[in-house]
$ cat input_15.pdb   # PDB, C-alpha atoms
ATOM      1  CA  MET X   1      24.532 -46.452 -16.443  1.00  0.00           C
ATOM      2  CA  GLU X   2      26.004 -47.503 -19.767  1.00  0.00           C
ATOM      3  CA  THR X   3      29.604 -46.720 -20.598  1.00  0.00           C
ATOM      4  CA  ALA X   4      30.023 -43.626 -22.758  1.00  0.00           C
ATOM      5  CA  THR X   5      32.178 -43.544 -25.876  1.00  0.00           C
ATOM      6  CA  ARG X   6      35.457 -41.720 -25.221  1.00  0.00           C
ATOM      7  CA  GLU X   7      36.533 -38.994 -27.650  1.00  0.00           C
ATOM      8  CA  MET X   8      40.193 -38.030 -27.194  1.00  0.00           C
ATOM      9  CA  ASN X   9      40.200 -35.022 -29.496  1.00  0.00           C
ATOM     10  CA  PHE X  10      42.520 -32.619 -27.683  1.00  0.00           C
ATOM     11  CA  LEU X  11      45.672 -31.443 -29.464  1.00  0.00           C
ATOM     12  CA  LEU X  12      48.200 -33.743 -27.785  1.00  0.00           C
ATOM     13  CA  ALA X  13      45.919 -36.782 -27.562  1.00  0.00           C
ATOM     14  CA  GLU X  14      47.598 -39.008 -30.176  1.00  0.00           C
ATOM     15  CA  PRO X  15      51.253 -38.594 -29.147  1.00  0.00           C
ATOM     16  CA  GLU X  16      50.255 -38.810 -25.496  1.00  0.00           C
ATOM     17  CA  GLN X  17      48.359 -42.045 -26.020  1.00  0.00           C
ATOM     18  CA  ARG X  18      51.234 -43.613 -27.951  1.00  0.00           C
ATOM     19  CA  LEU X  19      53.649 -42.714 -25.171  1.00  0.00           C
ATOM     20  CA  LEU X  20      51.328 -43.950 -22.427  1.00  0.00           C
ATOM     21  CA  ARG X  21      50.688 -47.291 -24.151  1.00  0.00           C
ATOM     22  CA  THR X  22      54.425 -47.804 -24.571  1.00  0.00           C
ATOM     23  CA  VAL X  23      55.104 -47.056 -20.910  1.00  0.00           C
ATOM     24  CA  ALA X  24      52.143 -49.141 -19.713  1.00  0.00           C
ATOM     25  CA  SER X  25      53.296 -52.189 -21.651  1.00  0.00           C
ATOM     26  CA  ARG X  26      56.693 -52.034 -19.929  1.00  0.00           C
ATOM     27  CA  LEU X  27      55.625 -51.513 -16.336  1.00  0.00           C
ATOM     28  CA  PRO X  28      56.167 -54.418 -13.884  1.00  0.00           C
ATOM     29  CA  ARG X  29      53.139 -56.649 -13.374  1.00  0.00           C
ATOM     30  CA  TRP X  30      52.862 -55.707  -9.704  1.00  0.00           C
ATOM     31  CA  VAL X  31      52.125 -52.083 -10.671  1.00  0.00           C
ATOM     32  CA  ARG X  32      48.372 -51.617 -10.915  1.00  0.00           C
ATOM     33  CA  ALA X  33      46.093 -48.877 -12.177  1.00  0.00           C
ATOM     34  CA  ASN X  34      45.194 -47.843  -8.623  1.00  0.00           C
ATOM     35  CA  HIS X  35      48.891 -47.281  -7.898  1.00  0.00           C
ATOM     36  CA  MET X  36      49.002 -44.826 -10.781  1.00  0.00           C
ATOM     37  CA  THR X  37      45.887 -43.048  -9.520  1.00  0.00           C
ATOM     38  CA  ALA X  38      47.508 -42.635  -6.104  1.00  0.00           C
ATOM     39  CA  LEU X  39      50.657 -41.336  -7.779  1.00  0.00           C
ATOM     40  CA  GLY X  40      48.585 -38.738  -9.631  1.00  0.00           C
ATOM     41  CA  VAL X  41      46.999 -37.561  -6.384  1.00  0.00           C
ATOM     42  CA  ALA X  42      50.430 -37.332  -4.745  1.00  0.00           C
ATOM     43  CA  GLY X  43      51.625 -35.248  -7.698  1.00  0.00           C
ATOM     44  CA  ALA X  44      48.684 -32.859  -7.344  1.00  0.00           C
ATOM     45  CA  VAL X  45      49.253 -32.448  -3.589  1.00  0.00           C
ATOM     46  CA  GLY X  46      52.963 -31.886  -4.239  1.00  0.00           C
ATOM     47  CA  THR X  47      52.154 -29.293  -6.906  1.00  0.00           C
ATOM     48  CA  GLY X  48      49.840 -27.358  -4.599  1.00  0.00           C
ATOM     49  CA  ALA X  49      52.362 -27.460  -1.746  1.00  0.00           C
ATOM     50  CA  ALA X  50      55.210 -26.309  -4.006  1.00  0.00           C
ATOM     51  CA  TYR X  51      53.157 -23.386  -5.310  1.00  0.00           C
ATOM     52  CA  ALA X  52      52.353 -22.335  -1.743  1.00  0.00           C
ATOM     53  CA  LEU X  53      56.026 -22.624  -0.721  1.00  0.00           C
ATOM     54  CA  SER X  54      57.069 -20.453  -3.680  1.00  0.00           C
ATOM     55  CA  ALA X  55      55.994 -17.511  -1.509  1.00  0.00           C
ATOM     56  CA  ARG X  56      59.260 -18.123   0.371  1.00  0.00           C
ATOM     57  CA  ASP X  57      61.491 -19.057  -2.537  1.00  0.00           C
ATOM     58  CA  SER X  58      60.681 -19.004  -6.247  1.00  0.00           C
ATOM     59  CA  GLY X  59      62.858 -22.100  -6.666  1.00  0.00           C
ATOM     60  CA  TRP X  60      59.864 -24.103  -5.481  1.00  0.00           C
ATOM     61  CA  LEU X  61      58.355 -23.462  -8.911  1.00  0.00           C
ATOM     62  CA  TRP X  62      60.794 -26.046 -10.279  1.00  0.00           C
ATOM     63  CA  ALA X  63      59.387 -28.511  -7.753  1.00  0.00           C
ATOM     64  CA  ALA X  64      55.859 -27.539  -8.833  1.00  0.00           C
ATOM     65  CA  SER X  65      56.792 -28.313 -12.433  1.00  0.00           C
ATOM     66  CA  LEU X  66      58.215 -31.705 -11.463  1.00  0.00           C
ATOM     67  CA  MET X  67      55.086 -32.535  -9.460  1.00  0.00           C
ATOM     68  CA  LEU X  68      52.894 -31.539 -12.416  1.00  0.00           C
ATOM     69  CA  VAL X  69      54.719 -34.144 -14.500  1.00  0.00           C
ATOM     70  CA  VAL X  70      54.182 -36.719 -11.739  1.00  0.00           C
ATOM     71  CA  ASN X  71      50.503 -35.795 -11.620  1.00  0.00           C
ATOM     72  CA  TRP X  72      50.192 -36.166 -15.395  1.00  0.00           C
ATOM     73  CA  PHE X  73      52.031 -39.503 -15.361  1.00  0.00           C
ATOM     74  CA  GLY X  74      49.829 -41.019 -12.674  1.00  0.00           C
ATOM     75  CA  ASP X  75      46.541 -39.422 -13.685  1.00  0.00           C
ATOM     76  CA  SER X  76      46.885 -40.328 -17.369  1.00  0.00           C
ATOM     77  CA  LEU X  77      48.508 -43.736 -17.059  1.00  0.00           C
ATOM     78  CA  ASP X  78      46.007 -45.402 -14.718  1.00  0.00           C
ATOM     79  CA  GLY X  79      43.317 -45.858 -17.362  1.00  0.00           C
ATOM     80  CA  THR X  80      45.812 -46.720 -20.102  1.00  0.00           C
ATOM     81  CA  LEU X  81      47.382 -49.409 -17.920  1.00  0.00           C
ATOM     82  CA  ALA X  82      43.980 -50.966 -17.253  1.00  0.00           C
ATOM     83  CA  ARG X  83      43.093 -50.952 -20.958  1.00  0.00           C
ATOM     84  CA  VAL X  84      46.444 -52.388 -22.068  1.00  0.00           C
ATOM     85  CA  ARG X  85      46.103 -55.252 -19.565  1.00  0.00           C
ATOM     86  CA  LYS X  86      42.381 -55.672 -20.356  1.00  0.00           C
ATOM     87  CA  THR X  87      41.471 -55.176 -16.701  1.00  0.00           C
ATOM     88  CA  GLU X  88      39.507 -51.985 -17.190  1.00  0.00           C
ATOM     89  CA  ARG X  89      36.356 -51.472 -15.108  1.00  0.00           C
ATOM     90  CA  PRO X  90      34.511 -48.646 -16.897  1.00  0.00           C
ATOM     91  CA  ARG X  91      32.077 -47.700 -14.103  1.00  0.00           C
ATOM     92  CA  TYR X  92      34.810 -47.828 -11.472  1.00  0.00           C
ATOM     93  CA  GLY X  93      37.123 -45.699 -13.615  1.00  0.00           C
ATOM     94  CA  TYR X  94      34.330 -43.240 -14.389  1.00  0.00           C
ATOM     95  CA  TYR X  95      33.670 -42.696 -10.690  1.00  0.00           C
ATOM     96  CA  ILE X  96      37.321 -42.545  -9.598  1.00  0.00           C
ATOM     97  CA  ASP X  97      38.255 -40.153 -12.428  1.00  0.00           C
ATOM     98  CA  HIS X  98      35.491 -37.749 -11.445  1.00  0.00           C
ATOM     99  CA  VAL X  99      36.317 -37.667  -7.729  1.00  0.00           C
ATOM    100  CA  VAL X 100      40.107 -37.581  -8.154  1.00  0.00           C
ATOM    101  CA  ASP X 101      39.963 -34.880 -10.840  1.00  0.00           C
ATOM    102  CA  ALA X 102      37.876 -32.658  -8.570  1.00  0.00           C
ATOM    103  CA  PHE X 103      40.259 -33.145  -5.639  1.00  0.00           C
ATOM    104  CA  ASN X 104      43.403 -32.621  -7.712  1.00  0.00           C
ATOM    105  CA  SER X 105      42.045 -29.448  -9.329  1.00  0.00           C
ATOM    106  CA  ALA X 106      41.092 -27.977  -5.959  1.00  0.00           C
ATOM    107  CA  VAL X 107      44.486 -28.741  -4.407  1.00  0.00           C
ATOM    108  CA  VAL X 108      46.484 -27.262  -7.296  1.00  0.00           C
ATOM    109  CA  GLY X 109      44.217 -24.209  -7.496  1.00  0.00           C
ATOM    110  CA  ILE X 110      44.466 -23.480  -3.775  1.00  0.00           C
ATOM    111  CA  GLY X 111      48.246 -23.843  -3.978  1.00  0.00           C
ATOM    112  CA  LEU X 112      48.318 -21.297  -6.797  1.00  0.00           C
ATOM    113  CA  GLY X 113      46.198 -18.943  -4.728  1.00  0.00           C
ATOM    114  CA  LEU X 114      48.661 -19.202  -1.851  1.00  0.00           C
ATOM    115  CA  SER X 115      51.589 -18.374  -4.133  1.00  0.00           C
ATOM    116  CA  PRO X 116      52.788 -14.766  -4.452  1.00  0.00           C
ATOM    117  CA  TYR X 117      51.823 -14.638  -8.125  1.00  0.00           C
ATOM    118  CA  VAL X 118      48.034 -15.089  -8.076  1.00  0.00           C
ATOM    119  CA  GLN X 119      45.332 -13.685  -5.828  1.00  0.00           C
ATOM    120  CA  LEU X 120      43.530 -16.415  -3.879  1.00  0.00           C
ATOM    121  CA  GLU X 121      40.054 -15.279  -4.961  1.00  0.00           C
ATOM    122  CA  LEU X 122      40.998 -15.478  -8.645  1.00  0.00           C
ATOM    123  CA  ALA X 123      42.572 -18.905  -8.183  1.00  0.00           C
ATOM    124  CA  LEU X 124      39.423 -20.186  -6.460  1.00  0.00           C
ATOM    125  CA  LEU X 125      37.298 -18.748  -9.275  1.00  0.00           C
ATOM    126  CA  VAL X 126      39.336 -20.743 -11.811  1.00  0.00           C
ATOM    127  CA  VAL X 127      38.923 -23.862  -9.653  1.00  0.00           C
ATOM    128  CA  VAL X 128      35.138 -23.405  -9.586  1.00  0.00           C
ATOM    129  CA  LEU X 129      34.997 -22.851 -13.353  1.00  0.00           C
ATOM    130  CA  TYR X 130      37.250 -25.854 -14.028  1.00  0.00           C
ATOM    131  CA  LEU X 131      35.116 -28.087 -11.821  1.00  0.00           C
ATOM    132  CA  THR X 132      31.981 -26.804 -13.559  1.00  0.00           C
ATOM    133  CA  LEU X 133      33.507 -27.628 -16.943  1.00  0.00           C
ATOM    134  CA  SER X 134      34.450 -31.092 -15.673  1.00  0.00           C
ATOM    135  CA  ILE X 135      30.954 -31.723 -14.332  1.00  0.00           C
ATOM    136  CA  ASN X 136      29.533 -30.635 -17.684  1.00  0.00           C
ATOM    137  CA  VAL X 137      31.765 -33.171 -19.457  1.00  0.00           C
ATOM    138  CA  TYR X 138      30.488 -35.989 -17.263  1.00  0.00           C
ATOM    139  CA  LEU X 139      26.875 -34.860 -17.652  1.00  0.00           C
ATOM    140  CA  GLU X 140      27.319 -34.825 -21.428  1.00  0.00           C
ATOM    141  CA  SER X 141      28.608 -38.379 -21.297  1.00  0.00           C
ATOM    142  CA  ALA X 142      25.502 -39.452 -19.383  1.00  0.00           C
ATOM    143  CA  VAL X 143      23.047 -37.540 -21.599  1.00  0.00           C
ATOM    144  CA  PHE X 144      24.631 -38.011 -25.035  1.00  0.00           C
ATOM    145  CA  GLY X 145      26.692 -41.156 -24.463  1.00  0.00           C
ATOM    146  CA  VAL X 146      29.946 -39.473 -25.551  1.00  0.00           C
ATOM    147  CA  PHE X 147      32.792 -38.562 -23.199  1.00  0.00           C
ATOM    148  CA  ARG X 148      34.608 -35.587 -24.745  1.00  0.00           C
ATOM    149  CA  MET X 149      37.740 -34.680 -22.825  1.00  0.00           C
ATOM    150  CA  ALA X 150      38.459 -31.354 -24.492  1.00  0.00           C
ATOM    151  CA  TYR X 151      37.125 -27.845 -24.960  1.00  0.00           C
ATOM    152  CA  ALA X 152      38.150 -26.226 -28.229  1.00  0.00           C
ATOM    153  CA  ARG X 153      40.851 -28.941 -28.636  1.00  0.00           C
ATOM    154  CA  LEU X 154      42.264 -28.083 -25.199  1.00  0.00           C
ATOM    155  CA  GLY X 155      42.330 -30.849 -22.614  1.00  0.00           C
ATOM    156  CA  PRO X 156      43.989 -31.567 -19.266  1.00  0.00           C
ATOM    157  CA  THR X 157      47.354 -32.255 -20.904  1.00  0.00           C
ATOM    158  CA  GLU X 158      47.428 -28.850 -22.581  1.00  0.00           C
ATOM    159  CA  VAL X 159      46.548 -27.190 -19.258  1.00  0.00           C
ATOM    160  CA  ARG X 160      49.519 -28.884 -17.590  1.00  0.00           C
ATOM    161  CA  VAL X 161      51.846 -27.851 -20.425  1.00  0.00           C
ATOM    162  CA  LEU X 162      50.590 -24.267 -20.060  1.00  0.00           C
ATOM    163  CA  LEU X 163      51.295 -24.311 -16.319  1.00  0.00           C
ATOM    164  CA  LEU X 164      54.781 -25.714 -16.930  1.00  0.00           C
ATOM    165  CA  GLY X 165      55.526 -22.893 -19.367  1.00  0.00           C
ATOM    166  CA  ILE X 166      54.244 -20.267 -16.938  1.00  0.00           C
ATOM    167  CA  ASN X 167      56.394 -21.729 -14.162  1.00  0.00           C
ATOM    168  CA  VAL X 168      59.527 -21.417 -16.293  1.00  0.00           C
ATOM    169  CA  LEU X 169      58.684 -17.830 -17.271  1.00  0.00           C
ATOM    170  CA  LEU X 170      58.084 -16.873 -13.655  1.00  0.00           C
ATOM    171  CA  VAL X 171      61.397 -18.323 -12.498  1.00  0.00           C
ATOM    172  CA  LEU X 172      63.357 -16.701 -15.304  1.00  0.00           C
ATOM    173  CA  ALA X 173      61.581 -13.341 -15.185  1.00  0.00           C
ATOM    174  CA  PRO X 174      63.508 -10.355 -13.793  1.00  0.00           C
ATOM    175  CA  GLY X 175      62.655  -9.861 -10.141  1.00  0.00           C
ATOM    176  CA  ALA X 176      61.459 -13.439  -9.694  1.00  0.00           C
ATOM    177  CA  LEU X 177      64.154 -14.280  -7.144  1.00  0.00           C
ATOM    178  CA  GLY X 178      63.152 -13.457  -3.596  1.00  0.00           C
ATOM    179  CA  THR X 179      60.000 -11.397  -3.245  1.00  0.00           C
ATOM    180  CA  PRO X 180      58.327 -10.986  -6.684  1.00  0.00           C
ATOM    181  CA  LEU X 181      58.037  -7.485  -8.058  1.00  0.00           C
ATOM    182  CA  PRO X 182      54.534  -5.949  -8.125  1.00  0.00           C
ATOM    183  CA  TRP X 183      54.332  -6.272 -11.915  1.00  0.00           C
ATOM    184  CA  LEU X 184      54.742 -10.048 -11.651  1.00  0.00           C
ATOM    185  CA  HIS X 185      51.769 -10.232  -9.286  1.00  0.00           C
ATOM    186  CA  ALA X 186      49.740  -8.020 -11.605  1.00  0.00           C
ATOM    187  CA  ALA X 187      50.722 -10.086 -14.651  1.00  0.00           C
ATOM    188  CA  GLY X 188      49.801 -13.308 -12.865  1.00  0.00           C
ATOM    189  CA  ASN X 189      46.404 -11.976 -11.845  1.00  0.00           C
ATOM    190  CA  ALA X 190      45.748 -10.659 -15.351  1.00  0.00           C
ATOM    191  CA  SER X 191      46.656 -14.014 -16.898  1.00  0.00           C
ATOM    192  CA  VAL X 192      44.379 -15.907 -14.515  1.00  0.00           C
ATOM    193  CA  ALA X 193      41.554 -13.425 -15.124  1.00  0.00           C
ATOM    194  CA  VAL X 194      41.861 -13.940 -18.897  1.00  0.00           C
ATOM    195  CA  LEU X 195      41.901 -17.716 -18.342  1.00  0.00           C
ATOM    196  CA  ALA X 196      38.774 -17.498 -16.193  1.00  0.00           C
ATOM    197  CA  GLY X 197      37.018 -15.438 -18.853  1.00  0.00           C
ATOM    198  CA  GLY X 198      37.937 -17.949 -21.531  1.00  0.00           C
ATOM    199  CA  MET X 199      36.715 -20.857 -19.422  1.00  0.00           C
ATOM    200  CA  PHE X 200      33.406 -19.114 -18.773  1.00  0.00           C
ATOM    201  CA  ALA X 201      32.968 -18.393 -22.492  1.00  0.00           C
ATOM    202  CA  LEU X 202      33.706 -22.025 -23.394  1.00  0.00           C
ATOM    203  CA  LEU X 203      31.188 -23.234 -20.841  1.00  0.00           C
ATOM    204  CA  ALA X 204      28.531 -20.833 -22.088  1.00  0.00           C
ATOM    205  CA  VAL X 205      29.014 -21.877 -25.731  1.00  0.00           C
ATOM    206  CA  ARG X 206      28.962 -25.584 -24.951  1.00  0.00           C
ATOM    207  CA  PHE X 207      25.929 -25.192 -22.681  1.00  0.00           C
ATOM    208  CA  ALA X 208      24.021 -23.364 -25.402  1.00  0.00           C
ATOM    209  CA  ARG X 209      24.935 -25.996 -27.995  1.00  0.00           C
ATOM    210  CA  ASN X 210      23.836 -28.787 -25.689  1.00  0.00           C
ATOM    211  CA  LEU X 211      20.469 -27.146 -25.096  1.00  0.00           C
ATOM    212  CA  GLN X 212      19.951 -26.749 -28.857  1.00  0.00           C
ATOM    213  CA  ARG X 213      20.886 -30.383 -29.430  1.00  0.00           C
ATOM    214  CA  LEU X 214      18.549 -31.553 -26.669  1.00  0.00           C
ATOM    215  CA  ASP X 215      15.751 -29.442 -28.111  1.00  0.00           C
ATOM    216  CA  ARG X 216      16.189 -31.243 -31.434  1.00  0.00           C
ATOM    217  CA  LEU X 217      16.319 -34.646 -29.760  1.00  0.00           C
ATOM    218  CA  GLU X 218      13.390 -33.907 -27.463  1.00  0.00           C
ATOM    219  CA  PRO X 219      11.233 -31.220 -29.123  1.00  0.00           C
ATOM    220  CA  GLN X 220       8.645 -29.613 -26.907  1.00  0.00           C
ATOM    221  CA  SER X 221       5.089 -30.485 -27.766  1.00  0.00           C
ATOM    222  CA  HIS X 222       2.899 -27.432 -28.183  1.00  0.00           C
ATOM    223  CA  LEU X 223      -0.406 -28.503 -26.653  1.00  0.00           C
ATOM    224  CA  THR X 224      -3.368 -26.177 -26.411  1.00  0.00           C
ATOM    225  CA  ARG X 225      -5.947 -26.434 -23.688  1.00  0.00           C
ATOM    226  CA  ALA X 226      -9.444 -27.258 -24.737  1.00  0.00           C
TER     227      ALA X 226
END
$ encode --input "input_15.pdb" --output "structure tokens"
Amino acid sequence: METATREMNFLLAEPEQRLLRTVASRLPRWVRANHMTALGVAGAVGTGAAYALSARDSGWLWAASLMLVVNWFGDSLDGTLARVRKTERPRYGYYIDHVVDAFNSAVVGIGLGLSPYVQLELALLVVVLYLTLSINVYLESAVFGVFRMAYARLGPTEVRVLLLGINVLLVLAPGALGTPLPWLHAAGNASVAVLAGGMFALLAVRFARNLQRLDRLEPQSHLTRA
């Protein structure tokens, strides 16, 4: 498998990459890309656990926000560190990114579903849709040779920023302390349902465009039987 060209076209791509390169160039030499990957996984597990524990105390949402930052730091810095030090292994990174992203998404989604703000079935639906979108991205890279990390200029960084903002709103909302009021649960479910609908629409549009592009690249031959 040849390495696909990476397209970092999500909204926060440029400032994020500048920050990551700066941090990567200053890390001690003993810190390796795999250490950052492990840190990202730990951040995802911590995020899921904190969301689940928010059923007891909404203050755990602050911990969830902190763990989201840890997840972003580790998950985004591993590849940058390898590229800055010119030790990148494209096939290895491709494989690790795919597996780790699937695991991290599942853990965070399940944690959300165990929180008092989102119904578990809706959270699992979002996890399935997110994983489907991720698989589509990797399939596109194999078929078209381009690895696009965003849908409609929204990438993993924007998703984390969105979750951070929601966490703050939930903590500061009236009735957030102690057992959440019914309207908070309803608002959370409605927000996740809208998100799921948007993800499905994005997938459908991109799928249709890919089929049209493939039809142009590989037109069907119209053969008639003798």
$ residues_around --input "input_15.pdb" --residues "Leu214 (chain X)" --least-positions-apart "6" --cutoff "10 Å" --atoms "only C-alpha atoms" --output "short mmCIF file (atom, residue, chain, number, x, y, z; two decimals) with C-alpha atoms, in the coordinates of the input"
data_model
loop_
_atom_site.label_atom_id
_atom_site.label_comp_id
_atom_site.auth_asym_id
_atom_site.auth_seq_id
_atom_site.Cartn_x
_atom_site.Cartn_y
_atom_site.Cartn_z
CA VAL X 143 23.05 -37.54 -21.60
CA PHE X 144 24.63 -38.01 -25.04
CA ALA X 208 24.02 -23.36 -25.40
#
$ closest_residue --input "input_15.pdb" --among "X:Leu195, X:Leu77, X:Val100, X:Ile166" --to "Thr22 (chain X)" --atoms "only C-alpha atoms"
X:Leu77
$ atom_distance --input "input_15.pdb" --atom1 "CA of Gly198 (chain X)" --atom2 "CA of Arg160 (chain X)"
16.4 Å
$ atom_distance --input "input_15.pdb" --atom1 "CA of Val118 (chain X)" --atom2 "CA of Ala186 (chain X)"
8.1 Å
$ residues_around --input "input_15.pdb" --residues "Val128 (chain X)" --least-positions-apart "2" --cutoff "10 Å" --atoms "all atoms listed in the file" --output "JSON, numbers by chain"
{"X": [102, 105, 106, 109, 122, 123, 124, 125, 126, 130, 131, 132, 133, 134, 196]}
$ write_last_selection --input "input_15.pdb" --atoms "C-alpha atoms" --output "compact mmCIF listing (two decimals), keeping the file's coordinate frame"
# COMPACT_ATOMS: atom_id res chain seq x y z
CA ALA X 102 37.88 -32.66 -8.57
CA SER X 105 42.04 -29.45 -9.33
CA ALA X 106 41.09 -27.98 -5.96
CA GLY X 109 44.22 -24.21 -7.50
CA LEU X 122 41.00 -15.48 -8.64
CA ALA X 123 42.57 -18.90 -8.18
CA LEU X 124 39.42 -20.19 -6.46
CA LEU X 125 37.30 -18.75 -9.28
CA VAL X 126 39.34 -20.74 -11.81
CA TYR X 130 37.25 -25.85 -14.03
CA LEU X 131 35.12 -28.09 -11.82
CA THR X 132 31.98 -26.80 -13.56
CA LEU X 133 33.51 -27.63 -16.94
CA SER X 134 34.45 -31.09 -15.67
CA ALA X 196 38.77 -17.50 -16.19
$ atom_distance --input "input_15.pdb" --atom1 "CA of Tyr117 (chain X)" --atom2 "CA of Asn104 (chain X)"
19.9 Å
$ closest_residue --input "input_15.pdb" --among "X:Ala82, X:Leu19, X:Ala55, X:Leu61" --to "His35 (chain X)" --atoms "all atoms listed in the file"
X:Ala82
$ closest_residue --input "input_15.pdb" --among "X:Asp75, X:Leu164, X:His185, X:Leu66" --to "Val99 (chain X)" --atoms "all atoms listed in the file"
X:Asp75
$ residues_near_point --input "input_15.pdb" --point "(46.5, -53.8, -18.6)" --cutoff "9 Å" --atoms "all atoms listed in the file" --output "PyMOL selection string"
chain X and resi 24-25+29+32-33+79-88
